[in-house]
>>> print(open('upload-v5.pdb').read())   # PDB, C-alpha atoms
ATOM      1  CA  MET A   1    -118.483  88.831 157.883
ATOM      2  CA  ARG A   2    -115.243  88.503 159.821
ATOM      3  CA  LEU A   3    -112.260  86.840 158.212
ATOM      4  CA  CYS A   4    -108.812  85.583 159.061
ATOM      5  CA  VAL A   5    -106.130  85.673 156.379
ATOM      6  CA  ALA A   6    -103.463  83.065 157.107
ATOM      7  CA  GLY A   7    -100.185  83.560 155.288
ATOM      8  CA  ALA A   8    -101.071  87.255 155.160
ATOM      9  CA  TYR A   9     -97.466  88.395 154.853
ATOM     10  CA  GLY A  10     -96.840  86.433 151.649
ATOM     11  CA  ALA A  11     -97.345  87.685 148.106
ATOM     12  CA  PHE A  12    -100.852  86.259 147.735
ATOM     13  CA  GLY A  13    -101.862  86.960 151.308
ATOM     14  CA  LEU A  14    -101.290  90.641 150.576
ATOM     15  CA  LYS A  15    -103.317  90.366 147.358
ATOM     16  CA  HIS A  16    -106.236  88.955 149.345
ATOM     17  CA  LEU A  17    -105.996  91.702 151.962
ATOM     18  CA  ASP A  18    -106.108  94.327 149.212
ATOM     19  CA  ALA A  19    -109.047  92.583 147.517
ATOM     20  CA  LEU A  20    -111.043  92.273 150.742
ATOM     21  CA  SER A  21    -110.657  95.997 151.375
ATOM     22  CA  ASN A  22    -112.855  96.572 148.291
ATOM     23  CA  ILE A  23    -115.741  94.422 149.544
ATOM     24  CA  ASP A  24    -118.435  96.037 151.704
ATOM     25  CA  GLY A  25    -119.417  94.425 154.986
ATOM     26  CA  ILE A  26    -116.141  92.567 155.379
ATOM     27  CA  GLU A  27    -113.721  92.898 158.269
ATOM     28  CA  VAL A  28    -110.374  91.142 158.556
ATOM     29  CA  THR A  29    -110.191  90.514 162.284
ATOM     30  CA  SER A  30    -107.131  88.254 162.367
ATOM     31  CA  VAL A  31    -103.971  87.605 160.381
ATOM     32  CA  MET A  32    -101.407  84.836 160.662
ATOM     33  CA  GLY A  33     -97.807  85.086 159.497
ATOM     34  CA  PRO A  34     -94.401  83.434 159.701
ATOM     35  CA  THR A  35     -92.799  85.522 162.456
ATOM     36  CA  ARG A  36     -94.083  87.670 165.284
ATOM     37  CA  GLU A  37     -92.220  90.728 164.054
ATOM     38  CA  LYS A  38     -93.506  90.531 160.477
ATOM     39  CA  ILE A  39     -97.138  89.764 161.271
ATOM     40  CA  ASP A  40     -97.391  92.343 164.067
ATOM     41  CA  ALA A  41     -96.033  94.999 161.723
ATOM     42  CA  LEU A  42     -98.514  94.033 159.007
ATOM     43  CA  ALA A  43    -101.449  94.045 161.427
ATOM     44  CA  ALA A  44    -100.463  97.489 162.695
ATOM     45  CA  GLU A  45    -100.115  98.807 159.128
ATOM     46  CA  LYS A  46    -103.528  97.457 158.086
ATOM     47  CA  GLY A  47    -105.334  98.240 161.354
ATOM     48  CA  ILE A  48    -106.127  94.584 162.078
ATOM     49  CA  GLY A  49    -106.835  93.806 165.721
ATOM     50  CA  HIS A  50    -105.314  90.342 166.092
ATOM     51  CA  ALA A  51    -102.128  88.761 164.765
ATOM     52  CA  ALA A  52    -100.544  85.387 165.460
ATOM     53  CA  THR A  53     -98.023  82.903 164.151
ATOM     54  CA  ASP A  54    -100.270  79.919 164.986
ATOM     55  CA  LEU A  55    -103.395  79.105 162.965
ATOM     56  CA  ALA A  56    -105.028  77.362 165.925
ATOM     57  CA  GLU A  57    -104.965  80.624 167.871
ATOM     58  CA  CYS A  58    -106.692  82.442 165.007
ATOM     59  CA  ILE A  59    -109.479  79.938 164.389
ATOM     60  CA  ALA A  60    -110.249  79.591 168.119
ATOM     61  CA  ARG A  61    -111.524  83.174 168.086
ATOM     62  CA  ASP A  62    -115.247  83.991 168.109
ATOM     63  CA  ASP A  63    -114.664  86.940 165.767
ATOM     64  CA  VAL A  64    -113.486  84.725 162.896
ATOM     65  CA  ASP A  65    -116.247  83.316 160.655
ATOM     66  CA  ALA A  66    -114.108  82.196 157.733
ATOM     67  CA  VAL A  67    -110.472  81.746 156.759
ATOM     68  CA  ILE A  68    -108.477  82.425 153.609
ATOM     69  CA  LEU A  69    -105.391  80.191 153.506
ATOM     70  CA  ALA A  70    -102.484  81.707 151.574
ATOM     71  CA  THR A  71     -99.934  79.537 153.344
ATOM     72  CA  PRO A  72     -97.288  77.199 151.837
ATOM     73  CA  THR A  73     -98.676  74.505 149.543
ATOM     74  CA  GLN A  74     -97.637  71.602 151.757
ATOM     75  CA  MET A  75     -99.814  72.982 154.590
ATOM     76  CA  HIS A  76    -102.986  73.525 152.568
ATOM     77  CA  ALA A  77    -104.814  70.247 153.077
ATOM     78  CA  ALA A  78    -104.111  69.855 156.795
ATOM     79  CA  GLN A  79    -104.938  73.491 157.504
ATOM     80  CA  ALA A  80    -108.145  73.412 155.441
ATOM     81  CA  ILE A  81    -109.290  70.387 157.431
ATOM     82  CA  GLN A  82    -108.216  72.104 160.666
ATOM     83  CA  CYS A  83    -110.346  75.148 159.807
ATOM     84  CA  MET A  84    -113.427  73.077 158.996
ATOM     85  CA  GLU A  85    -113.026  71.060 162.195
ATOM     86  CA  ALA A  86    -113.100  74.395 164.035
ATOM     87  CA  GLY A  87    -116.372  75.271 162.282
ATOM     88  CA  LYS A  88    -114.861  77.830 159.910
ATOM     89  CA  HIS A  89    -115.568  78.202 156.207
ATOM     90  CA  VAL A  90    -112.351  78.084 154.217
ATOM     91  CA  LEU A  91    -110.923  79.346 150.943
ATOM     92  CA  VAL A  92    -107.635  77.571 150.327
ATOM     93  CA  GLU A  93    -105.238  79.036 147.798
ATOM     94  CA  ILE A  94    -104.258  76.926 144.802
ATOM     95  CA  PRO A  95    -103.579  74.048 145.062
ATOM     96  CA  MET A  96    -105.858  72.702 147.765
ATOM     97  CA  ALA A  97    -103.308  69.898 148.200
ATOM     98  CA  ASP A  98    -100.209  68.492 146.528
ATOM     99  CA  SER A  99    -101.532  64.937 146.269
ATOM    100  CA  LEU A 100    -104.783  63.244 145.273
ATOM    101  CA  ALA A 101    -105.161  61.524 148.641
ATOM    102  CA  ASP A 102    -104.950  64.822 150.544
ATOM    103  CA  SER A 103    -107.377  66.446 148.094
ATOM    104  CA  GLN A 104    -109.859  63.643 148.699
ATOM    105  CA  ALA A 105    -109.488  64.144 152.455
ATOM    106  CA  VAL A 106    -110.338  67.854 152.111
ATOM    107  CA  VAL A 107    -113.437  67.052 150.034
ATOM    108  CA  ALA A 108    -114.517  64.396 152.529
ATOM    109  CA  LYS A 109    -114.233  66.875 155.419
ATOM    110  CA  GLN A 110    -116.314  69.436 153.523
ATOM    111  CA  LYS A 111    -119.047  66.875 152.928
ATOM    112  CA  GLU A 112    -118.926  65.873 156.594
ATOM    113  CA  THR A 113    -119.206  69.448 157.908
ATOM    114  CA  GLY A 114    -121.344  71.066 155.213
ATOM    115  CA  LEU A 115    -119.210  74.202 155.405
ATOM    116  CA  VAL A 116    -118.160  76.235 152.379
ATOM    117  CA  ALA A 117    -114.758  75.000 151.230
ATOM    118  CA  MET A 118    -113.400  76.583 148.095
ATOM    119  CA  SER A 119    -110.189  76.146 146.132
ATOM    120  CA  GLY A 120    -108.463  79.263 144.826
ATOM    121  CA  GLN A 121    -108.721  78.457 141.110
ATOM    122  CA  VAL A 122    -108.537  82.120 140.159
ATOM    123  CA  ARG A 123    -108.449  81.447 136.410
ATOM    124  CA  ARG A 124    -112.161  80.611 136.587
ATOM    125  CA  PHE A 125    -112.725  84.163 137.809
ATOM    126  CA  ASN A 126    -110.359  86.285 135.698
ATOM    127  CA  PRO A 127    -112.634  88.432 133.476
ATOM    128  CA  SER A 128    -110.740  87.204 130.395
ATOM    129  CA  HIS A 129    -111.621  83.573 131.068
ATOM    130  CA  GLN A 130    -115.124  84.471 132.280
ATOM    131  CA  TRP A 131    -115.779  86.128 128.899
ATOM    132  CA  ILE A 132    -114.769  82.916 127.126
ATOM    133  CA  HIS A 133    -116.835  80.799 129.533
ATOM    134  CA  ASN A 134    -119.935  82.939 128.956
ATOM    135  CA  LYS A 135    -119.562  82.544 125.186
ATOM    136  CA  ILE A 136    -119.229  78.768 125.561
ATOM    137  CA  LYS A 137    -122.327  78.567 127.777
ATOM    138  CA  ALA A 138    -124.273  80.638 125.247
ATOM    139  CA  GLY A 139    -123.289  78.219 122.473
ATOM    140  CA  GLU A 140    -121.270  80.874 120.626
ATOM    141  CA  LEU A 141    -117.856  79.220 121.054
ATOM    142  CA  LYS A 142    -116.498  75.711 121.187
ATOM    143  CA  ILE A 143    -112.903  75.051 122.202
ATOM    144  CA  GLN A 144    -110.895  73.025 119.737
ATOM    145  CA  GLN A 145    -107.503  73.561 121.337
ATOM    146  CA  MET A 146    -105.897  75.452 124.200
ATOM    147  CA  ASP A 147    -102.205  76.268 123.941
ATOM    148  CA  VAL A 148    -100.809  77.463 127.265
ATOM    149  CA  GLN A 149     -97.391  78.654 128.419
ATOM    150  CA  THR A 150     -96.460  78.998 132.101
ATOM    151  CA  TYR A 151     -93.031  80.556 132.382
ATOM    152  CA  PHE A 152     -90.834  81.805 135.222
ATOM    153  CA  PHE A 153     -87.149  82.351 135.855
ATOM    154  CA  ARG A 154     -86.727  80.787 139.280
ATOM    155  CA  ARG A 155     -83.490  78.945 139.941
ATOM    156  CA  SER A 156     -83.479  79.676 143.656
ATOM    157  CA  ASN A 157     -86.184  79.079 146.249
ATOM    158  CA  THR A 158     -87.791  82.523 146.282
ATOM    159  CA  ASN A 159     -91.382  83.760 146.110
ATOM    160  CA  ALA A 160     -93.103  86.312 143.889
ATOM    161  CA  LYS A 161     -91.745  89.081 146.137
ATOM    162  CA  GLY A 162     -88.185  87.821 145.616
ATOM    163  CA  GLU A 163     -87.928  86.646 149.228
ATOM    164  CA  PRO A 164     -86.664  83.219 150.384
ATOM    165  CA  ARG A 165     -89.320  80.514 150.657
ATOM    166  CA  SER A 166     -89.653  78.019 153.491
ATOM    167  CA  TRP A 167     -91.163  75.536 150.997
ATOM    168  CA  THR A 168     -90.536  74.443 147.417
ATOM    169  CA  ASP A 169     -92.839  75.388 144.546
ATOM    170  CA  HIS A 170     -93.922  72.752 142.021
ATOM    171  CA  LEU A 171     -94.681  72.999 138.312
ATOM    172  CA  LEU A 172     -97.226  70.150 138.320
ATOM    173  CA  TRP A 173     -99.173  70.444 141.569
ATOM    174  CA  HIS A 174     -99.204  74.246 141.658
ATOM    175  CA  HIS A 175     -98.768  75.860 138.263
ATOM    176  CA  ALA A 176    -100.205  73.122 136.038
ATOM    177  CA  CYS A 177    -103.151  72.887 138.433
ATOM    178  CA  HIS A 178    -104.386  76.270 137.132
ATOM    179  CA  THR A 179    -104.552  75.098 133.528
ATOM    180  CA  VAL A 180    -105.753  71.537 134.148
ATOM    181  CA  ASP A 181    -108.732  72.836 136.113
ATOM    182  CA  LEU A 182    -109.438  75.653 133.651
ATOM    183  CA  PHE A 183    -109.338  73.336 130.625
ATOM    184  CA  GLN A 184    -111.813  70.954 132.241
ATOM    185  CA  TYR A 185    -113.994  73.852 133.467
ATOM    186  CA  GLN A 186    -114.135  75.515 130.055
ATOM    187  CA  THR A 187    -114.836  72.316 128.138
ATOM    188  CA  GLY A 188    -117.188  70.916 130.775
ATOM    189  CA  GLU A 189    -115.412  67.573 130.593
ATOM    190  CA  THR A 190    -112.863  65.574 132.550
ATOM    191  CA  CYS A 191    -109.847  64.576 130.499
ATOM    192  CA  SER A 192    -110.010  61.075 129.049
ATOM    193  CA  GLU A 193    -106.315  61.234 128.129
ATOM    194  CA  ALA A 194    -103.496  63.053 129.912
ATOM    195  CA  PHE A 195     -99.726  62.676 129.887
ATOM    196  CA  GLY A 196     -96.683  64.615 130.942
ATOM    197  CA  LEU A 197     -92.969  64.793 130.269
ATOM    198  CA  GLN A 198     -90.558  66.424 132.673
ATOM    199  CA  GLY A 199     -87.006  67.643 132.246
ATOM    200  CA  PRO A 200     -84.038  67.114 134.566
ATOM    201  CA  MET A 201     -84.482  67.558 138.304
ATOM    202  CA  HIS A 202     -82.823  70.554 139.967
ATOM    203  CA  PRO A 203     -79.845  69.294 142.030
ATOM    204  CA  ASP A 204     -80.814  71.305 145.129
ATOM    205  CA  LEU A 205     -84.565  71.908 144.860
ATOM    206  CA  ASP A 206     -85.314  68.310 143.759
ATOM    207  CA  ILE A 207     -88.050  69.414 141.349
ATOM    208  CA  ALA A 208     -88.351  69.339 137.574
ATOM    209  CA  MET A 209     -87.565  72.746 136.099
ATOM    210  CA  ASP A 210     -89.275  72.090 132.755
ATOM    211  CA  MET A 211     -92.437  70.195 131.898
ATOM    212  CA  THR A 212     -94.808  69.474 129.007
ATOM    213  CA  ILE A 213     -98.386  68.289 129.491
ATOM    214  CA  GLY A 214    -100.906  67.094 126.911
ATOM    215  CA  MET A 215    -104.620  66.528 127.550
ATOM    216  CA  LYS A 216    -107.687  65.477 125.578
ATOM    217  CA  THR A 217    -111.384  65.420 126.465
ATOM    218  CA  PRO A 218    -113.837  62.693 125.393
ATOM    219  CA  LYS A 219    -115.333  65.061 122.786
ATOM    220  CA  GLY A 220    -111.909  65.766 121.294
ATOM    221  CA  ALA A 221    -110.748  69.146 122.610
ATOM    222  CA  ILE A 222    -107.011  69.145 123.282
ATOM    223  CA  CYS A 223    -104.694  71.208 125.464
ATOM    224  CA  THR A 224    -100.933  71.619 125.239
ATOM    225  CA  LEU A 225     -99.245  73.104 128.303
ATOM    226  CA  SER A 226     -95.574  74.091 128.506
ATOM    227  CA  LEU A 227     -94.092  75.019 131.897
ATOM    228  CA  SER A 228     -90.622  76.205 132.864
ATOM    229  CA  PHE A 229     -88.692  77.732 135.740
ATOM    230  CA  ASN A 230     -85.815  78.375 133.293
ATOM    231  CA  ASN A 231     -87.398  80.983 131.018
ATOM    232  CA  GLU A 232     -85.809  84.434 130.851
ATOM    233  CA  GLY A 233     -88.381  87.090 129.981
ATOM    234  CA  PRO A 234     -91.904  88.062 131.057
ATOM    235  CA  PHE A 235     -93.224  85.629 133.651
ATOM    236  CA  GLY A 236     -96.714  84.249 134.107
ATOM    237  CA  THR A 237     -99.233  82.132 132.210
ATOM    238  CA  PHE A 238    -100.530  82.966 128.753
ATOM    239  CA  PHE A 239    -103.476  81.188 127.156
ATOM    240  CA  ARG A 240    -104.383  80.811 123.482
ATOM    241  CA  TYR A 241    -107.949  79.603 122.913
ATOM    242  CA  ILE A 242    -108.364  78.191 119.401
ATOM    243  CA  CYS A 243    -112.121  77.890 118.904
ATOM    244  CA  ASP A 244    -114.552  77.060 116.129
ATOM    245  CA  ASN A 245    -115.519  80.726 115.982
ATOM    246  CA  GLY A 246    -112.404  82.731 116.732
ATOM    247  CA  THR A 247    -109.022  82.669 118.436
ATOM    248  CA  TYR A 248    -108.397  84.482 121.717
ATOM    249  CA  LEU A 249    -105.353  85.267 123.853
ATOM    250  CA  ALA A 250    -105.851  85.591 127.609
ATOM    251  CA  ARG A 251    -103.213  87.317 129.699
ATOM    252  CA  TYR A 252    -104.421  87.349 133.298
ATOM    253  CA  ASP A 253    -107.390  89.759 133.443
ATOM    254  CA  ASP A 254    -106.971  90.972 129.823
ATOM    255  CA  LEU A 255    -108.180  89.362 126.588
ATOM    256  CA  PHE A 256    -107.201  89.847 122.936
ATOM    257  CA  ASP A 257    -108.346  88.328 119.669
ATOM    258  CA  GLY A 258    -106.067  86.318 117.403
ATOM    259  CA  TYR A 259    -104.707  89.527 115.862
ATOM    260  CA  ASP A 260    -103.870  90.966 119.303
ATOM    261  CA  LYS A 261    -106.803  93.396 119.278
ATOM    262  CA  PRO A 262    -108.113  94.042 122.821
ATOM    263  CA  ILE A 263    -111.525  92.618 123.737
ATOM    264  CA  ASP A 264    -113.802  94.888 125.771
ATOM    265  CA  LEU A 265    -114.407  93.118 129.096
ATOM    266  CA  SER A 266    -116.459  95.869 130.703
ATOM    267  CA  GLY A 267    -119.589  94.434 132.258
ATOM    268  CA  VAL A 268    -118.221  90.906 132.541
ATOM    269  CA  ALA A 269    -117.858  91.207 136.320
ATOM    270  CA  VAL A 270    -118.069  93.776 139.113
ATOM    271  CA  SER A 271    -114.280  94.008 139.212
ATOM    272  CA  ASP A 272    -111.391  93.456 136.818
ATOM    273  CA  ASN A 273    -109.343  91.855 139.630
ATOM    274  CA  GLY A 274    -109.519  88.064 139.641
ATOM    275  CA  ILE A 275    -108.470  87.799 143.302
ATOM    276  CA  GLU A 276    -111.246  90.154 144.359
ATOM    277  CA  LEU A 277    -113.753  88.180 142.288
ATOM    278  CA  ILE A 278    -112.800  84.875 143.883
ATOM    279  CA  ASP A 279    -113.051  86.436 147.354
ATOM    280  CA  ARG A 280    -116.472  87.852 146.485
ATOM    281  CA  GLU A 281    -117.653  84.396 145.377
ATOM    282  CA  PHE A 282    -116.411  82.850 148.640
ATOM    283  CA  ILE A 283    -118.214  85.425 150.751
ATOM    284  CA  SER A 284    -121.425  85.287 148.693
ATOM    285  CA  ALA A 285    -121.553  81.486 148.887
ATOM    286  CA  ILE A 286    -121.305  81.646 152.689
ATOM    287  CA  GLN A 287    -123.985  84.330 152.938
ATOM    288  CA  GLU A 288    -126.326  82.498 150.542
ATOM    289  CA  GLY A 289    -125.664  79.015 151.939
ATOM    290  CA  ARG A 290    -124.712  77.534 148.576
ATOM    291  CA  GLU A 291    -121.851  75.704 146.888
ATOM    292  CA  PRO A 292    -119.383  78.168 145.384
ATOM    293  CA  ASN A 293    -117.942  78.048 141.917
ATOM    294  CA  SER A 294    -114.549  76.352 142.410
ATOM    295  CA  SER A 295    -115.648  74.380 145.448
ATOM    296  CA  VAL A 296    -113.178  71.704 146.511
ATOM    297  CA  ALA A 297    -115.585  69.075 145.172
ATOM    298  CA  GLN A 298    -115.681  70.749 141.750
ATOM    299  CA  VAL A 299    -111.888  70.956 141.616
ATOM    300  CA  LEU A 300    -111.293  67.328 142.632
ATOM    301  CA  PRO A 301    -111.398  66.072 138.989
ATOM    302  CA  ALA A 302    -108.436  68.356 138.214
ATOM    303  CA  MET A 303    -106.496  66.797 141.075
ATOM    304  CA  GLU A 304    -107.345  63.361 139.679
ATOM    305  CA  THR A 305    -105.935  64.402 136.300
ATOM    306  CA  LEU A 306    -102.755  65.775 137.936
ATOM    307  CA  ASP A 307    -102.355  62.464 139.755
ATOM    308  CA  LYS A 308    -102.754  60.576 136.473
ATOM    309  CA  ILE A 309    -100.068  62.752 134.865
ATOM    310  CA  GLU A 310     -97.688  62.314 137.787
ATOM    311  CA  ARG A 311     -98.062  58.533 137.779
ATOM    312  CA  GLY A 312     -97.161  58.543 134.072
ATOM    313  CA  PHE A 313     -93.816  60.310 134.530
ATOM    314  CA  LYS A 314     -90.887  58.099 133.599
TER
END
>>> encode(input="upload-v5.pdb", output="structure tokens")
Amino acid sequence: MRLCVAGAYGAFGLKHLDALSNIDGIEVTSVMGPTREKIDALAAEKGIGHAATDLAECIARDDVDAVILATPTQMHAAQAIQCMEAGKHVLVEIPMADSLADSQAVVAKQKETGLVAMSGQVRRFNPSHQWIHNKIKAGELKIQQMDVQTYFFRRSNTNAKGEPRSWTDHLLWHHACHTVDLFQYQTGETCSEAFGLQGPMHPDLDIAMDMTIGMKTPKGAICTLSLSFNNEGPFGTFFRYICDNGTYLARYDDLFDGYDKPIDLSGVAVSDNGIELIDREFISAIQEGREPNSSVAQVLPAMETLDKIERGFK
């Protein structure tokens, strides 16, 4: 299979390139980046034959079967639709859109074309969360509460590489999207109640720098999510699963019990890298002609919950 990685020069574009290099039978034939100089240098370094600054040029090529979009959030929906209209399968990094209307448009285009369209909800694929999900499916665990913290120190518009961004990140539509989808995926329910509170808006970035979200499913599981761009200390998202049969702490691809004892995750998946696992699922779904886990249709309920939370902000 031949892939294009758009946004290849960014932090997550590079993660996808590294992940794809571990998957047999895959060739990255095209990359897209922000400037000619940067993307040409990356293509030369990685031995990739084609580089461009325009997505249309990449998806017009016969040697591109599918596209991974690791581009700025505000471009996701339009570019995902653009790829499907060109007959290309698409994996769009989280979030698939920054509004419910655009998310619905992406899902509608997937249904129209029948192509594989997948949202990059990597938390579904991290071995730590997969271990929990497998226990839930087996009837060995039931979630009573999830307590989640998403913390960064980001008071300027920079990315994970510390470089200036051409777009503005968002606590709700990007970072909360991870947890909202994961909570609904793990419980198997769409939230019946959801609310959010946000702190003061940044004077230059025009986004809330702090946020609290509460959710509840029809069967009574609850989730409390705290998010901040003001936190000094280790950054990232940390999950506490409080279950009927144990408490577990998930930190990316690692899992611990309630006493901070590591859980053995060997055998959960073919890799301990969540990005590689999501790329493998995308490729397998295309090859097998099936709907992938984390398809845009499956993720749409999370976008509906985010929309409900946003409309409730005062």
>>> closest_residue(input="upload-v5.pdb", among="A:Gln298, A:Thr190, A:Gln149, A:Ser284", to="Thr224 (chain A)", atoms="all atoms listed in the file")
A:Gln149
>>> closest_residue(input="upload-v5.pdb", among="A:Ser192, A:Thr237, A:Ser128, A:Asn230", to="Cys177 (chain A)", atoms="only C-alpha atoms")
A:Thr237
>>> closest_residue(input="upload-v5.pdb", among="A:Glu291, A:Asp24, A:Asp307, A:Asp65", to="Gln110 (chain A)", atoms="all atoms listed in the file")
A:Glu291
>>> closest_residue(input="upload-v5.pdb", among="A:Gly267, A:Gly274, A:Gly33, A:Gly87", to="Asp253 (chain A)", atoms="only C-alpha atoms")
A:Gly274
>>> closest_residue(input="upload-v5.pdb", among="A:Leu100, A:Ile23, A:Met201, A:Cys191", to="Arg311 (chain A)", atoms="all atoms listed in the file")
A:Leu100
>>> atom_distance(input="upload-v5.pdb", atom1="CA of Tyr9 (chain A)", atom2="CA of Asp40 (chain A)")
10.0 Å
>>> residues_around(input="upload-v5.pdb", residues="Val116 (chain A)", least_positions_apart="6", cutoff="9 Å", atoms="all atoms listed in the file", output="mmCIF file with C-alpha atoms, in the frame of the given file")
data_model
loop_
_atom_site.group_PDB
_atom_site.id
_atom_site.type_symbol
_atom_site.label_atom_id
_atom_site.label_comp_id
_atom_site.auth_asym_id
_atom_site.auth_seq_id
_atom_site.Cartn_x
_atom_site.Cartn_y
_atom_site.Cartn_z
ATOM 1 C CA ALA A 66 -114.108 82.196 157.733
ATOM 2 C CA MET A 84 -113.427 73.077 158.996
ATOM 3 C CA LYS A 88 -114.861 77.830 159.910
ATOM 4 C CA HIS A 89 -115.568 78.202 156.207
ATOM 5 C CA VAL A 90 -112.351 78.084 154.217
ATOM 6 C CA LEU A 91 -110.923 79.346 150.943
ATOM 7 C CA GLN A 110 -116.314 69.436 153.523
ATOM 8 C CA PHE A 282 -116.411 82.850 148.640
ATOM 9 C CA ALA A 285 -121.553 81.486 148.887
ATOM 10 C CA ILE A 286 -121.305 81.646 152.689
ATOM 11 C CA GLY A 289 -125.664 79.015 151.939
ATOM 12 C CA ARG A 290 -124.712 77.534 148.576
ATOM 13 C CA GLU A 291 -121.851 75.704 146.888
ATOM 14 C CA PRO A 292 -119.383 78.168 145.384
ATOM 15 C CA SER A 295 -115.648 74.380 145.448
ATOM 16 C CA VAL A 296 -113.178 71.704 146.511
#
>>> atom_distance(input="upload-v5.pdb", atom1="CA of Glu27 (chain A)", atom2="CA of Ala105 (chain A)")
29.6 Å
>>> closest_residue(input="upload-v5.pdb", among="A:Thr187, A:Gln121, A:Gln144, A:Thr217", to="His175 (chain A)", atoms="all atoms listed in the file")
A:Gln121
>>> resolve_selection(input="upload-v5.pdb", expression="the PyMOL selection byres ((chain A and resi 152) around 9)", output="PyMOL selection string")
chain A and resi 150-151+153-154+227-237
>>> resolve_selection(input="upload-v5.pdb", expression="the PyMOL selection byres ((chain A and resi 197) around 6)", output="list of chain:residue names")
A:Gly196, A:Gln198, A:Met211, A:Thr212
>>> residues_around(input="upload-v5.pdb", residues="Ile213 (chain A)", least_positions_apart="3", cutoff="12 Å", atoms="all atoms listed in the file", output="PyMOL selection string")
chain A and resi 146-150+171-172+175-177+179-180+193-199+210+216+222-228+305-306+308-310+312-313
>>> resolve_selection(input="upload-v5.pdb", expression="the PyMOL selection byres ((chain A and resi 240) around 7)", output="ChimeraX atom specification")
/A:146-148,238-239,241-242,248-250
>>> residues_around(input="upload-v5.pdb", residues="Asp272 (chain A)", least_positions_apart="4", cutoff="12 Å", atoms="only C-alpha atoms", output="VMD selection string")
chain A and resid 19 22 125 to 131 252 to 255 264 to 268 276 to 278
>>> atom_distance(input="upload-v5.pdb", atom1="CA of Val122 (chain A)", atom2="CA of Asp54 (chain A)")
26.3 Å
>>> axis_aligned_box(input="upload-v5.pdb", around="region 191-206 of chain A", padding_each_side="4 Å", output="JSON")
{"center_x": -94.9, "center_y": 66.5, "center_z": 136.6, "size_x": 38.2, "size_y": 18.8, "size_z": 25.0}
